[in-house]
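Structure data follow from final-v1.txt (compact mmCIF, C-alpha atoms and all ligand atoms):
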```
# COMPACT_ATOMS: atom_id res chain seq x y z
CA MET I 282 -65.36 18.69 -118.76
CA LYS I 283 -67.42 17.99 -121.84
CA PRO I 284 -69.36 14.73 -121.93
CA LEU I 285 -69.73 13.06 -125.30
CA SER I 286 -73.21 13.55 -126.68
CA SER I 287 -73.46 9.87 -127.59
CA LEU I 288 -72.97 8.84 -124.02
CA THR I 289 -75.66 8.63 -121.44
CA LEU I 290 -73.25 7.51 -118.77
CA PRO I 291 -71.24 9.92 -116.67
CA LEU I 292 -67.89 10.37 -118.37
CA LEU I 293 -64.58 10.39 -116.60
CA THR I 294 -61.40 11.15 -118.43
CA ALA I 295 -57.96 9.99 -117.57
CA CYS I 296 -57.05 13.65 -117.63
CA THR I 297 -60.16 15.31 -116.25
CA LEU I 298 -61.41 14.51 -112.83
CA VAL I 299 -65.16 14.30 -112.65
CA CYS I 300 -66.08 11.78 -110.04
CA ALA I 301 -63.90 12.12 -107.00
CA THR I 302 -65.59 9.88 -104.51
CA THR I 303 -65.13 6.23 -103.80
CA THR I 304 -66.97 4.40 -101.11
CA SER I 305 -65.52 0.92 -101.41
CA CYS I 306 -64.26 -0.47 -98.15
CA ARG I 307 -61.03 -2.36 -97.99
CA GLN I 308 -61.06 -5.92 -96.77
CA GLU I 309 -58.42 -8.26 -95.55
CA SER I 310 -57.22 -10.65 -98.23
CA SER I 311 -54.90 -13.58 -97.92
CA LEU I 312 -54.01 -13.43 -101.61
CA PRO I 313 -51.63 -10.96 -103.13
CA PRO I 314 -51.54 -8.06 -102.86
CA VAL I 315 -51.94 -8.42 -99.12
CA ALA I 316 -54.48 -5.83 -98.10
CA THR I 317 -54.28 -4.10 -94.76
CA SER I 318 -56.19 -1.13 -93.49
CA GLU I 319 -53.27 0.89 -94.86
CA GLY I 320 -53.29 -0.89 -98.20
CA VAL I 321 -50.45 -2.86 -99.74
CA ASP I 322 -47.36 -3.01 -97.60
CA SER I 323 -44.88 -2.49 -100.39
CA SER I 324 -41.96 -2.63 -97.96
CA ASN I 325 -42.55 -6.36 -97.94
CA ILE I 326 -42.21 -6.81 -101.69
CA ALA I 327 -39.64 -9.57 -101.61
CA ALA I 328 -41.74 -11.84 -99.44
CA LEU I 329 -44.96 -11.09 -101.28
CA ASN I 330 -43.35 -11.55 -104.63
CA ASN I 331 -42.30 -15.12 -103.97
CA ILE I 332 -43.71 -16.85 -107.00
CA GLU I 333 -44.40 -19.99 -104.99
CA THR I 334 -46.99 -18.10 -102.99
CA GLN I 335 -48.79 -16.70 -106.01
CA SER I 336 -51.77 -18.57 -107.33
CA ILE I 337 -53.09 -16.27 -110.02
CA SER I 338 -51.30 -17.27 -113.20
CA SER I 339 -50.59 -20.74 -114.46
CA TYR I 340 -47.20 -19.64 -115.82
CA LYS I 341 -44.57 -21.02 -113.45
CA GLY I 342 -41.08 -19.71 -112.84
CA TRP I 343 -41.88 -16.17 -114.01
CA ASP I 344 -40.96 -13.63 -111.37
CA PHE I 345 -43.91 -11.36 -112.13
CA GLY I 346 -43.35 -7.66 -111.60
CA LYS I 347 -39.61 -7.83 -111.09
CA GLU I 348 -38.52 -6.78 -114.56
CA ALA I 349 -41.44 -4.38 -114.89
CA TYR I 350 -40.26 -2.54 -111.81
CA LEU I 351 -36.73 -2.24 -113.25
CA HIS I 352 -38.06 -1.07 -116.61
CA THR I 353 -40.13 1.58 -114.82
CA GLN I 354 -37.02 2.76 -113.02
CA ASN I 355 -35.04 2.90 -116.28
CA ILE I 356 -37.74 4.87 -118.10
CA LEU I 357 -37.96 7.38 -115.25
CA ASP I 358 -34.20 7.80 -115.42
CA PHE I 359 -34.68 9.33 -118.89
CA GLY I 360 -36.42 12.27 -117.21
CA VAL I 361 -39.69 13.87 -118.25
CA ARG I 362 -41.12 12.52 -121.52
CA PRO I 363 -43.76 14.78 -123.03
CA ILE I 364 -43.88 14.69 -126.85
CA GLU I 365 -40.81 16.11 -128.60
CA SER I 366 -38.68 15.79 -125.44
CA GLU I 367 -35.39 13.94 -125.06
CA GLY I 368 -36.99 11.57 -122.54
CA HIS I 369 -39.76 10.76 -125.00
CA LYS I 370 -37.24 9.86 -127.71
CA LYS I 371 -35.16 7.79 -125.28
CA THR I 372 -38.26 5.90 -124.16
CA GLN I 373 -39.07 5.04 -127.79
CA ASP I 374 -35.55 3.73 -128.30
CA TYR I 375 -35.67 1.78 -125.04
CA ILE I 376 -38.95 0.04 -125.92
CA THR I 377 -37.65 -0.81 -129.40
CA LYS I 378 -34.29 -2.18 -128.25
CA LYS I 379 -35.71 -4.24 -125.41
CA LEU I 380 -38.33 -5.90 -127.62
CA GLU I 381 -36.06 -6.47 -130.60
CA LYS I 382 -33.62 -8.23 -128.29
CA CYS I 383 -36.19 -10.88 -127.45
CA GLY I 384 -37.66 -11.68 -130.82
CA TRP I 385 -40.14 -8.91 -131.60
CA SER I 386 -40.27 -6.76 -134.72
CA VAL I 387 -41.09 -3.17 -133.87
CA MET I 388 -42.78 -0.90 -136.38
CA ARG I 389 -42.98 2.88 -136.08
CA GLN I 390 -46.39 4.28 -136.95
CA SER I 391 -45.69 8.00 -137.33
CA PHE I 392 -48.26 10.58 -138.33
CA THR I 393 -48.82 14.31 -138.21
CA THR I 394 -52.07 15.77 -137.00
CA SER I 395 -53.52 19.06 -135.83
CA THR I 396 -53.53 19.93 -132.15
CA PRO I 397 -54.58 23.04 -130.24
CA TYR I 398 -50.97 24.18 -130.79
CA GLY I 399 -50.77 23.47 -134.51
CA GLU I 400 -49.47 20.44 -136.38
CA ARG I 401 -47.55 17.90 -134.32
CA THR I 402 -45.97 14.55 -135.17
CA PHE I 403 -46.63 11.48 -133.06
CA THR I 404 -45.26 7.93 -133.24
CA ASN I 405 -46.96 4.76 -132.06
CA LEU I 406 -44.76 1.70 -131.66
CA ILE I 407 -46.29 -1.60 -132.77
CA ALA I 408 -44.59 -4.91 -132.05
CA ARG I 409 -45.27 -8.42 -133.31
CA HIS I 410 -43.36 -11.58 -132.58
CA LYS I 411 -41.00 -12.61 -135.36
CA ASP I 412 -42.50 -16.12 -135.42
CA ALA I 413 -46.06 -14.81 -135.81
CA THR I 414 -47.66 -16.30 -138.88
CA THR I 415 -51.16 -14.92 -138.60
CA THR I 416 -52.76 -11.53 -138.22
CA PRO I 417 -52.80 -10.47 -134.56
CA ASN I 418 -55.65 -11.63 -132.38
CA VAL I 419 -54.98 -9.78 -129.13
CA VAL I 420 -53.86 -6.15 -128.81
CA LEU I 421 -52.07 -5.28 -125.57
CA SER I 422 -51.43 -1.57 -125.19
CA ALA I 423 -50.34 1.35 -123.00
CA HIS I 424 -49.30 4.94 -123.61
CA TYR I 425 -45.67 5.99 -123.34
CA ASP I 426 -45.94 9.77 -123.55
CA ALA I 427 -46.24 11.79 -120.34
CA LYS I 428 -48.24 14.89 -119.64
CA GLN I 429 -46.25 18.08 -119.91
CA LEU I 430 -46.09 19.30 -116.33
CA ASP I 431 -43.03 20.55 -114.48
CA ASN I 432 -40.85 17.66 -113.27
CA PHE I 433 -43.68 15.20 -113.87
CA LEU I 434 -42.26 11.70 -114.32
CA ALA I 435 -45.61 9.94 -114.74
CA ALA I 436 -44.39 6.74 -113.11
CA ASP I 437 -47.77 5.02 -113.10
CA ASP I 438 -49.23 7.17 -115.90
CA ALA I 439 -48.05 5.14 -117.65
CA ALA I 440 -44.32 4.18 -117.48
CA SER I 441 -45.25 1.23 -115.26
CA CYS I 442 -47.69 -0.03 -117.89
CA VAL I 443 -45.13 0.23 -120.69
CA ALA I 444 -42.80 -1.63 -118.35
CA ALA I 445 -45.40 -4.33 -117.70
CA ILE I 446 -45.81 -4.91 -121.44
CA LEU I 447 -42.03 -5.10 -121.84
CA GLU I 448 -41.91 -7.77 -119.13
CA ILE I 449 -44.67 -9.69 -120.91
CA GLY I 450 -42.84 -9.27 -124.23
CA GLU I 451 -39.68 -10.70 -122.72
CA ASN I 452 -41.23 -13.60 -120.83
CA LEU I 453 -44.33 -14.71 -122.67
CA PRO I 454 -42.54 -16.20 -125.71
CA LYS I 455 -40.65 -18.50 -123.30
CA HIS I 456 -43.80 -19.58 -121.43
CA ASP I 457 -46.48 -19.50 -124.08
CA GLN I 458 -45.19 -19.04 -127.57
CA GLU I 459 -48.60 -19.69 -129.13
CA LEU I 460 -50.10 -16.76 -127.24
CA ALA I 461 -47.11 -14.50 -127.94
CA LYS I 462 -47.48 -15.20 -131.65
CA GLN I 463 -51.09 -14.01 -131.56
CA MET I 464 -50.29 -10.73 -129.90
CA GLU I 465 -49.70 -7.21 -131.03
CA LEU I 466 -48.03 -4.95 -128.47
CA VAL I 467 -48.91 -1.31 -128.99
CA PHE I 468 -47.31 1.71 -127.32
CA PHE I 469 -49.46 4.77 -127.94
CA ASP I 470 -48.07 8.25 -128.28
CA GLY I 471 -50.00 11.38 -127.38
CA GLU I 472 -52.54 9.98 -124.95
CA GLU I 473 -52.18 13.09 -122.84
CA ALA I 474 -53.91 16.27 -123.95
CA LEU I 475 -51.59 19.19 -124.73
CA LYS I 476 -54.09 21.47 -122.99
CA PRO I 477 -55.25 20.55 -119.46
CA ASN I 478 -58.06 18.17 -120.44
CA ILE I 479 -58.70 15.49 -123.04
CA VAL I 480 -61.40 16.57 -125.47
CA TYR I 481 -62.36 13.68 -127.72
CA LEU I 482 -61.18 14.12 -131.32
CA LYS I 483 -59.74 17.54 -130.43
CA ASP I 484 -56.95 17.05 -127.90
CA GLY I 485 -55.42 13.88 -126.44
CA LEU I 486 -55.71 10.20 -127.47
CA TYR I 487 -53.83 11.12 -130.65
CA GLY I 488 -52.05 7.80 -131.02
CA SER I 489 -55.00 5.56 -130.24
CA ILE I 490 -57.30 7.50 -132.59
CA TYR I 491 -54.81 7.18 -135.45
CA TYR I 492 -54.18 3.50 -134.70
CA SER I 493 -57.93 2.79 -134.58
CA GLN I 494 -58.60 4.60 -137.84
CA TYR I 495 -55.74 2.76 -139.54
CA LEU I 496 -56.93 -0.61 -138.25
CA ARG I 497 -60.53 -0.01 -139.32
CA ASN I 498 -59.50 1.18 -142.79
CA ASP I 499 -56.98 -1.59 -143.29
CA VAL I 500 -59.30 -4.42 -142.25
CA ASN I 501 -61.97 -3.06 -144.60
CA GLY I 502 -59.55 -2.31 -147.41
CA PRO I 503 -55.99 -3.22 -148.33
CA LYS I 504 -55.37 -5.59 -145.38
CA LYS I 505 -51.69 -4.65 -145.34
CA LEU I 506 -51.28 -5.18 -141.61
CA TYR I 507 -54.58 -6.72 -140.55
CA ALA I 508 -56.15 -9.58 -142.48
CA ASN I 509 -58.94 -9.60 -139.90
CA LYS I 510 -59.90 -7.53 -136.93
CA PRO I 511 -58.22 -8.82 -133.76
CA ALA I 512 -60.58 -10.50 -131.29
CA PHE I 513 -60.08 -8.04 -128.43
CA GLY I 514 -57.77 -5.51 -126.80
CA ILE I 515 -56.41 -4.89 -123.32
CA LEU I 516 -55.23 -1.42 -122.35
CA LEU I 517 -53.12 -0.95 -119.23
CA ASP I 518 -53.10 2.41 -117.45
CA MET I 519 -51.94 3.07 -113.88
CA ILE I 520 -51.63 -0.54 -112.74
CA GLY I 521 -48.46 -0.40 -110.63
CA HIS I 522 -49.16 2.00 -107.77
CA ASN I 523 -48.86 1.31 -104.05
CA ASN I 524 -52.10 0.39 -102.37
CA LEU I 525 -53.38 -0.93 -105.69
CA SER I 526 -56.88 0.06 -106.68
CA VAL I 527 -58.10 -0.66 -110.22
CA LYS I 528 -61.51 0.42 -111.46
CA ILE I 529 -62.42 -0.40 -115.03
CA PRO I 530 -64.97 1.66 -117.00
CA ILE I 531 -68.58 0.70 -116.39
CA ASP I 532 -69.21 0.50 -120.15
CA THR I 533 -66.51 -2.13 -120.76
CA PRO I 534 -67.69 -4.47 -123.56
CA TYR I 535 -69.81 -7.10 -121.83
CA SER I 536 -67.80 -10.19 -122.74
CA LEU I 537 -64.58 -8.64 -121.41
CA LEU I 538 -66.34 -7.25 -118.35
CA LYS I 539 -67.63 -10.73 -117.54
CA THR I 540 -64.18 -12.26 -118.01
CA TYR I 541 -62.65 -9.59 -115.75
CA LEU I 542 -65.22 -10.18 -113.02
CA ASP I 543 -64.74 -13.94 -113.24
CA VAL I 544 -60.95 -13.67 -112.94
CA VAL I 545 -61.20 -11.20 -110.06
CA ALA I 546 -63.71 -13.37 -108.20
CA LYS I 547 -61.76 -16.57 -108.82
CA HIS I 548 -58.68 -15.10 -107.16
CA ASP I 549 -60.52 -13.18 -104.44
CA LEU I 550 -59.23 -9.82 -105.64
CA GLN I 551 -62.46 -7.85 -105.37
CA ASP I 552 -60.93 -5.47 -102.86
CA ARG I 553 -58.37 -4.38 -105.47
CA PHE I 554 -60.14 -4.72 -108.82
CA GLY I 555 -63.52 -3.07 -109.16
CA ILE I 556 -65.67 -1.10 -111.57
CA ALA I 557 -65.82 2.69 -111.89
CA LYS I 558 -69.11 4.52 -111.65
CA GLY I 559 -68.89 5.86 -115.18
CA SER I 560 -67.27 5.66 -118.56
CA ILE I 561 -63.64 6.74 -118.88
CA LEU I 562 -62.11 8.60 -121.79
CA ASP I 563 -58.82 6.82 -122.37
CA ASP I 564 -57.03 5.07 -125.26
CA HIS I 565 -59.49 2.14 -125.20
CA TYR I 566 -62.27 4.50 -126.22
CA PRO I 567 -61.30 4.99 -129.90
CA MET I 568 -60.38 1.30 -130.09
CA ASN I 569 -63.96 0.45 -129.18
CA GLU I 570 -65.67 3.31 -131.00
CA ILE I 571 -63.58 3.76 -134.14
CA ALA I 572 -61.92 0.38 -134.73
CA GLY I 573 -64.84 -1.62 -133.33
CA LEU I 574 -62.26 -3.63 -131.43
CA PRO I 575 -63.70 -4.67 -128.03
CA THR I 576 -61.15 -3.39 -125.54
CA ILE I 577 -60.96 -3.39 -121.75
CA ASP I 578 -59.15 -0.58 -119.92
CA ILE I 579 -57.47 -2.00 -116.83
CA ILE I 580 -57.01 1.37 -115.17
CA GLY I 581 -56.12 2.53 -111.69
CA ASP I 582 -58.74 4.48 -109.83
CA PHE I 583 -57.12 7.82 -110.66
CA SER I 584 -60.11 9.77 -109.39
CA SER I 585 -59.28 8.78 -105.82
CA LYS I 586 -55.51 9.23 -106.07
CA ASP I 587 -54.04 12.52 -104.89
CA TRP I 588 -50.76 11.74 -106.71
CA TRP I 589 -52.42 11.60 -110.13
CA HIS I 590 -50.88 14.20 -112.48
CA THR I 591 -48.56 15.47 -109.73
CA THR I 592 -44.84 15.07 -109.10
CA ASP I 593 -45.76 12.50 -106.44
CA ASP I 594 -46.32 10.04 -109.29
CA ASN I 595 -42.66 9.08 -109.15
CA LEU I 596 -40.83 5.82 -108.48
CA SER I 597 -41.84 5.84 -104.81
CA ASN I 598 -45.43 5.51 -106.03
CA ILE I 599 -44.66 2.18 -107.69
CA SER I 600 -44.95 -1.22 -106.03
CA GLN I 601 -43.39 -4.31 -107.54
CA ASN I 602 -46.10 -6.35 -105.92
CA SER I 603 -48.84 -4.29 -107.53
CA LEU I 604 -47.15 -4.83 -110.90
CA ASN I 605 -46.88 -8.51 -110.11
CA VAL I 606 -50.60 -8.86 -109.49
CA SER I 607 -51.72 -6.59 -112.34
CA ILE I 608 -49.58 -8.42 -114.90
CA GLN I 609 -50.95 -11.77 -113.80
CA VAL I 610 -54.53 -10.53 -113.86
CA ALA I 611 -54.02 -9.13 -117.39
CA LEU I 612 -52.60 -12.48 -118.56
CA GLU I 613 -55.45 -14.38 -116.96
CA ILE I 614 -58.02 -12.17 -118.65
CA MET I 615 -56.22 -12.69 -121.97
CA ASN I 616 -56.22 -16.47 -121.66
CA ALA I 617 -59.79 -16.69 -120.36
CA GLN I 618 -61.07 -14.42 -123.11
CA LEU I 619 -59.30 -16.45 -125.81
CA LEU I 620 -61.04 -19.61 -124.54
CA LYS I 621 -64.40 -17.92 -125.24
CA LYS I 622 -63.66 -17.64 -128.94
ZN ZN O 701 -52.38 11.17 -117.46
```

Could I get this structure in the form of C-alpha cells?
Amino acid sequence: MKPLSSLTLPLLTACTLVCATTTSCRQESSLPPVATSEGVDSSNIAALNNIETQSISSYKGWDFGKEAYLHTQNILDFGVRPIESEGHKKTQDYITKKLEKCGWSVMRQSFTTSTPYGERTFTNLIARHKDATTTPNVVLSAHYDAKQLDNFLAADDAASCVAAILEIGENLPKHDQELAKQMELVFFDGEEALKPNIVYLKDGLYGSIYYSQYLRNDVNGPKKLYANKPAFGILLDMIGHNNLSVKIPIDTPYSLLKTYLDVVAKHDLQDRFGIAKGSILDDHYPMNEIAGLPTIDIIGDFSSKDWWHTTDDNLSNISQNSLNVSIQVALEIMNAQLLKK
C-alpha cells in the first residue's frame, strides 16, 4: 500500500485493506434498517420495505430498493464482468437500454490508456435526461466493472450501486423532474486495479480519472459538454449489503460532510452511517482532486467486511432493505445539498 505523498491522512483504498478495525457499537434503532445485535434482518424485507413505514425521503409512492434489488440480480445473471468480458459488455448494454427506455440519453465515453498490462480500452457511460436544458448540476456515479477474480460477481462492489442509480433514473423523473433534469448519471469503467491494488494514476480508477480530466478541460475550454462545473457529486460504492454499514472518507469535502451528518442525525441512522478513520482511494478521489468537483463517497465499510473481494459478495450478500435506505439517504443528501446553493 502506497500512501499519496500529498496526503497526511491515513489512506485506505477500495482495493487495498489498510485499516481493518472498527470499534463502533451497534445500537437498537426503530427506523429502517432495523438494527439488532445481529444487524439487519433481511429475511423481513417485505415488512421493512413498506413505504408507509419509511420516513426518510419525501418522495411518496416509490418502493425504494425494490427495482434496485432486481437490477442487481439481473446484472449478476450476466456472470463475471471484468473489463473485456462478456458480462461487462452485457452490463453496458443493460444500463443503456434501461435508461433509454425511461427518457435518458446515454453517451459512451470510450478511451484507451496504458495499464500495467499494456494499452486497454475503457468506456464510461454518461446519461442525461432528454428534457434537460442546462448543464448538469449533480453527478451521481458508481462503477460497473468488477475485479478480475475467479467467479467473483461483485454484487455490492458495485452492481448494487449501478442498480440503485438505475432505480433512481427510472423513478426520479416521475417524482421530481426538476431534479432529474439537473442530474448526470455516470457509470465508471475500470475502477478496479488490474493488479491486486489500486495505485493512483498507475492502476485502477481509470474511468473516473479520464472523466475528471475531460470535465476539467471542457469547463475551462470548449464547453462542449459542461458549460459550468456541476455543483457536487455523489459516488455510491457498496451500499446494498446485509447488516448495512457505511463509512464515508474522513476527508469528504466539508459542505457535503456536514449535509451527510445532518441527514444521518435527522433520521437517527448513526448506527449505520458513519465516518471512516482515513481517506479512501476510490472514484470520488479524482473527481475531487482533478476535476475540482466536490464529491462524497457513500461507501460501505469494506475494511470490516470479510466478503469484500471474495465470492461471498454474491446476491445473498444483498439486502433490499439496505438498498432502500441507502437510496433514500443519497436522495436526501442531494436535495439538502442543493438547498445550500
Ligand atoms: Zn472492489

Neighbourhood of ligand ZN 701 (chain O) at 8 Å, counting all atoms listed in the file, reported as a PyMOL selection string: chain I and resi 295-296+427-428+435+438-439+472-473+589-590

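Residues within 7 Å of range 506-519 of chain I, counting all atoms listed in the file and excluding same-chain residues fewer than 4 positions away, are I:Thr416, I:Pro417, I:Asn418, I:Val419, I:Val420, I:Leu421, I:Ser422, I:Ala423, I:Asp437, I:Asp438, I:Ala439, I:Cys442, I:Leu496, I:Asp499, I:Val500, I:His565, I:Leu574, I:Pro575, I:Thr576, I:Ile577, I:Asp578, I:Ile579, I:Ile580, I:Gly581.
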
d(CA of Leu537 in chain I, CA of Tyr566 in chain I) in Å: 14.2 Å

Neighbours of point (-40.8, -14.8, -125.7) within 12 Å, using all atoms listed in the file, written as number ranges by chain: I: 343, 379-385, 409-413, 446-464

For range 401-405 of chain I: contacts at 7 Å, only C-alpha atoms, fewer than 4 positions along chain excluded, given as a ChimeraX atom specification: /I:389-396,468-471,488

If we draw a sphere of 10 Å around (-45.5, 6.8, -113.5), which residues have at least one atom in it when counting all atoms listed in the file? Please report them as a JSON list (two decimals) with C-alpha atoms, in the frame of the given file.
```
[["chain", "number", "residue", "atom", "x", "y", "z"],
["I", 353, "THR", "CA", -40.13, 1.58, -114.82],
["I", 354, "GLN", "CA", -37.02, 2.76, -113.02],
["I", 356, "ILE", "CA", -37.74, 4.87, -118.10],
["I", 357, "LEU", "CA", -37.96, 7.38, -115.25],
["I", 425, "TYR", "CA", -45.67, 5.99, -123.34],
["I", 427, "ALA", "CA", -46.24, 11.79, -120.34],
["I", 433, "PHE", "CA", -43.68, 15.20, -113.87],
["I", 434, "LEU", "CA", -42.26, 11.70, -114.32],
["I", 435, "ALA", "CA", -45.61, 9.94, -114.74],
["I", 436, "ALA", "CA", -44.39, 6.74, -113.11],
["I", 437, "ASP", "CA", -47.77, 5.02, -113.10],
["I", 438, "ASP", "CA", -49.23, 7.17, -115.90],
["I", 439, "ALA", "CA", -48.05, 5.14, -117.65],
["I", 440, "ALA", "CA", -44.32, 4.18, -117.48],
["I", 441, "SER", "CA", -45.25, 1.23, -115.26],
["I", 442, "CYS", "CA", -47.69, -0.03, -117.89],
["I", 443, "VAL", "CA", -45.13, 0.23, -120.69],
["I", 518, "ASP", "CA", -53.10, 2.41, -117.45],
["I", 519, "MET", "CA", -51.94, 3.07, -113.88],
["I", 520, "ILE", "CA", -51.63, -0.54, -112.74],
["I", 521, "GLY", "CA", -48.46, -0.40, -110.63],
["I", 522, "HIS", "CA", -49.16, 2.00, -107.77],
["I", 588, "TRP", "CA", -50.76, 11.74, -106.71],
["I", 589, "TRP", "CA", -52.42, 11.60, -110.13],
["I", 590, "HIS", "CA", -50.88, 14.20, -112.48],
["I", 591, "THR", "CA", -48.56, 15.47, -109.73],
["I", 592, "THR", "CA", -44.84, 15.07, -109.10],
["I", 593, "ASP", "CA", -45.76, 12.50, -106.44],
["I", 594, "ASP", "CA", -46.32, 10.04, -109.29],
["I", 595, "ASN", "CA", -42.66, 9.08, -109.15],
["I", 596, "LEU", "CA", -40.83, 5.82, -108.48],
["I", 597, "SER", "CA", -41.84, 5.84, -104.81],
["I", 598, "ASN", "CA", -45.43, 5.51, -106.03],
["I", 599, "ILE", "CA", -44.66, 2.18, -107.69]]
```

Point-to-point distance in Å for CA of Tyr492 in chain I and CA of Ser366 in chain I: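 Going from CA of Ser366 in chain I over to CA of Tyr492 in chain I covers 21.8 Å.
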
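The smallest atom-to-atom distance between Val544 in chain I and any of I:Ile561, I:Ala444, I:Leu486, I:Ile337, using all atoms listed in the file, is found for I:Ile337.
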
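Put simply, CA of Ser585 in chain I is 22.5 Å away from CA of Ala445 in chain I.
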
Range 369-377 of chain I surroundings by all atoms listed in the file, 7 Å radius, close-in-sequence under 6 positions cut, as a count of residues only: 6

Near-Asp532 in chain I list (9 Å; all atoms listed in the file; drop same-chain fewer than 6 positions) as a list in words: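 That gives Leu290, Leu538, Gly559, Ser560 and Ile561 of chain I.
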
Proximity to Ala572 in chain I - best of I:Tyr535, I:Tyr350, I:Tyr495, I:Tyr487, all atoms listed in the file: I:Tyr495

Given all atoms listed in the file as the counted atoms, nearest of I:Ala546, I:Ile490, I:Met388, I:Ala557 to Leu466 in chain I: I:Met388
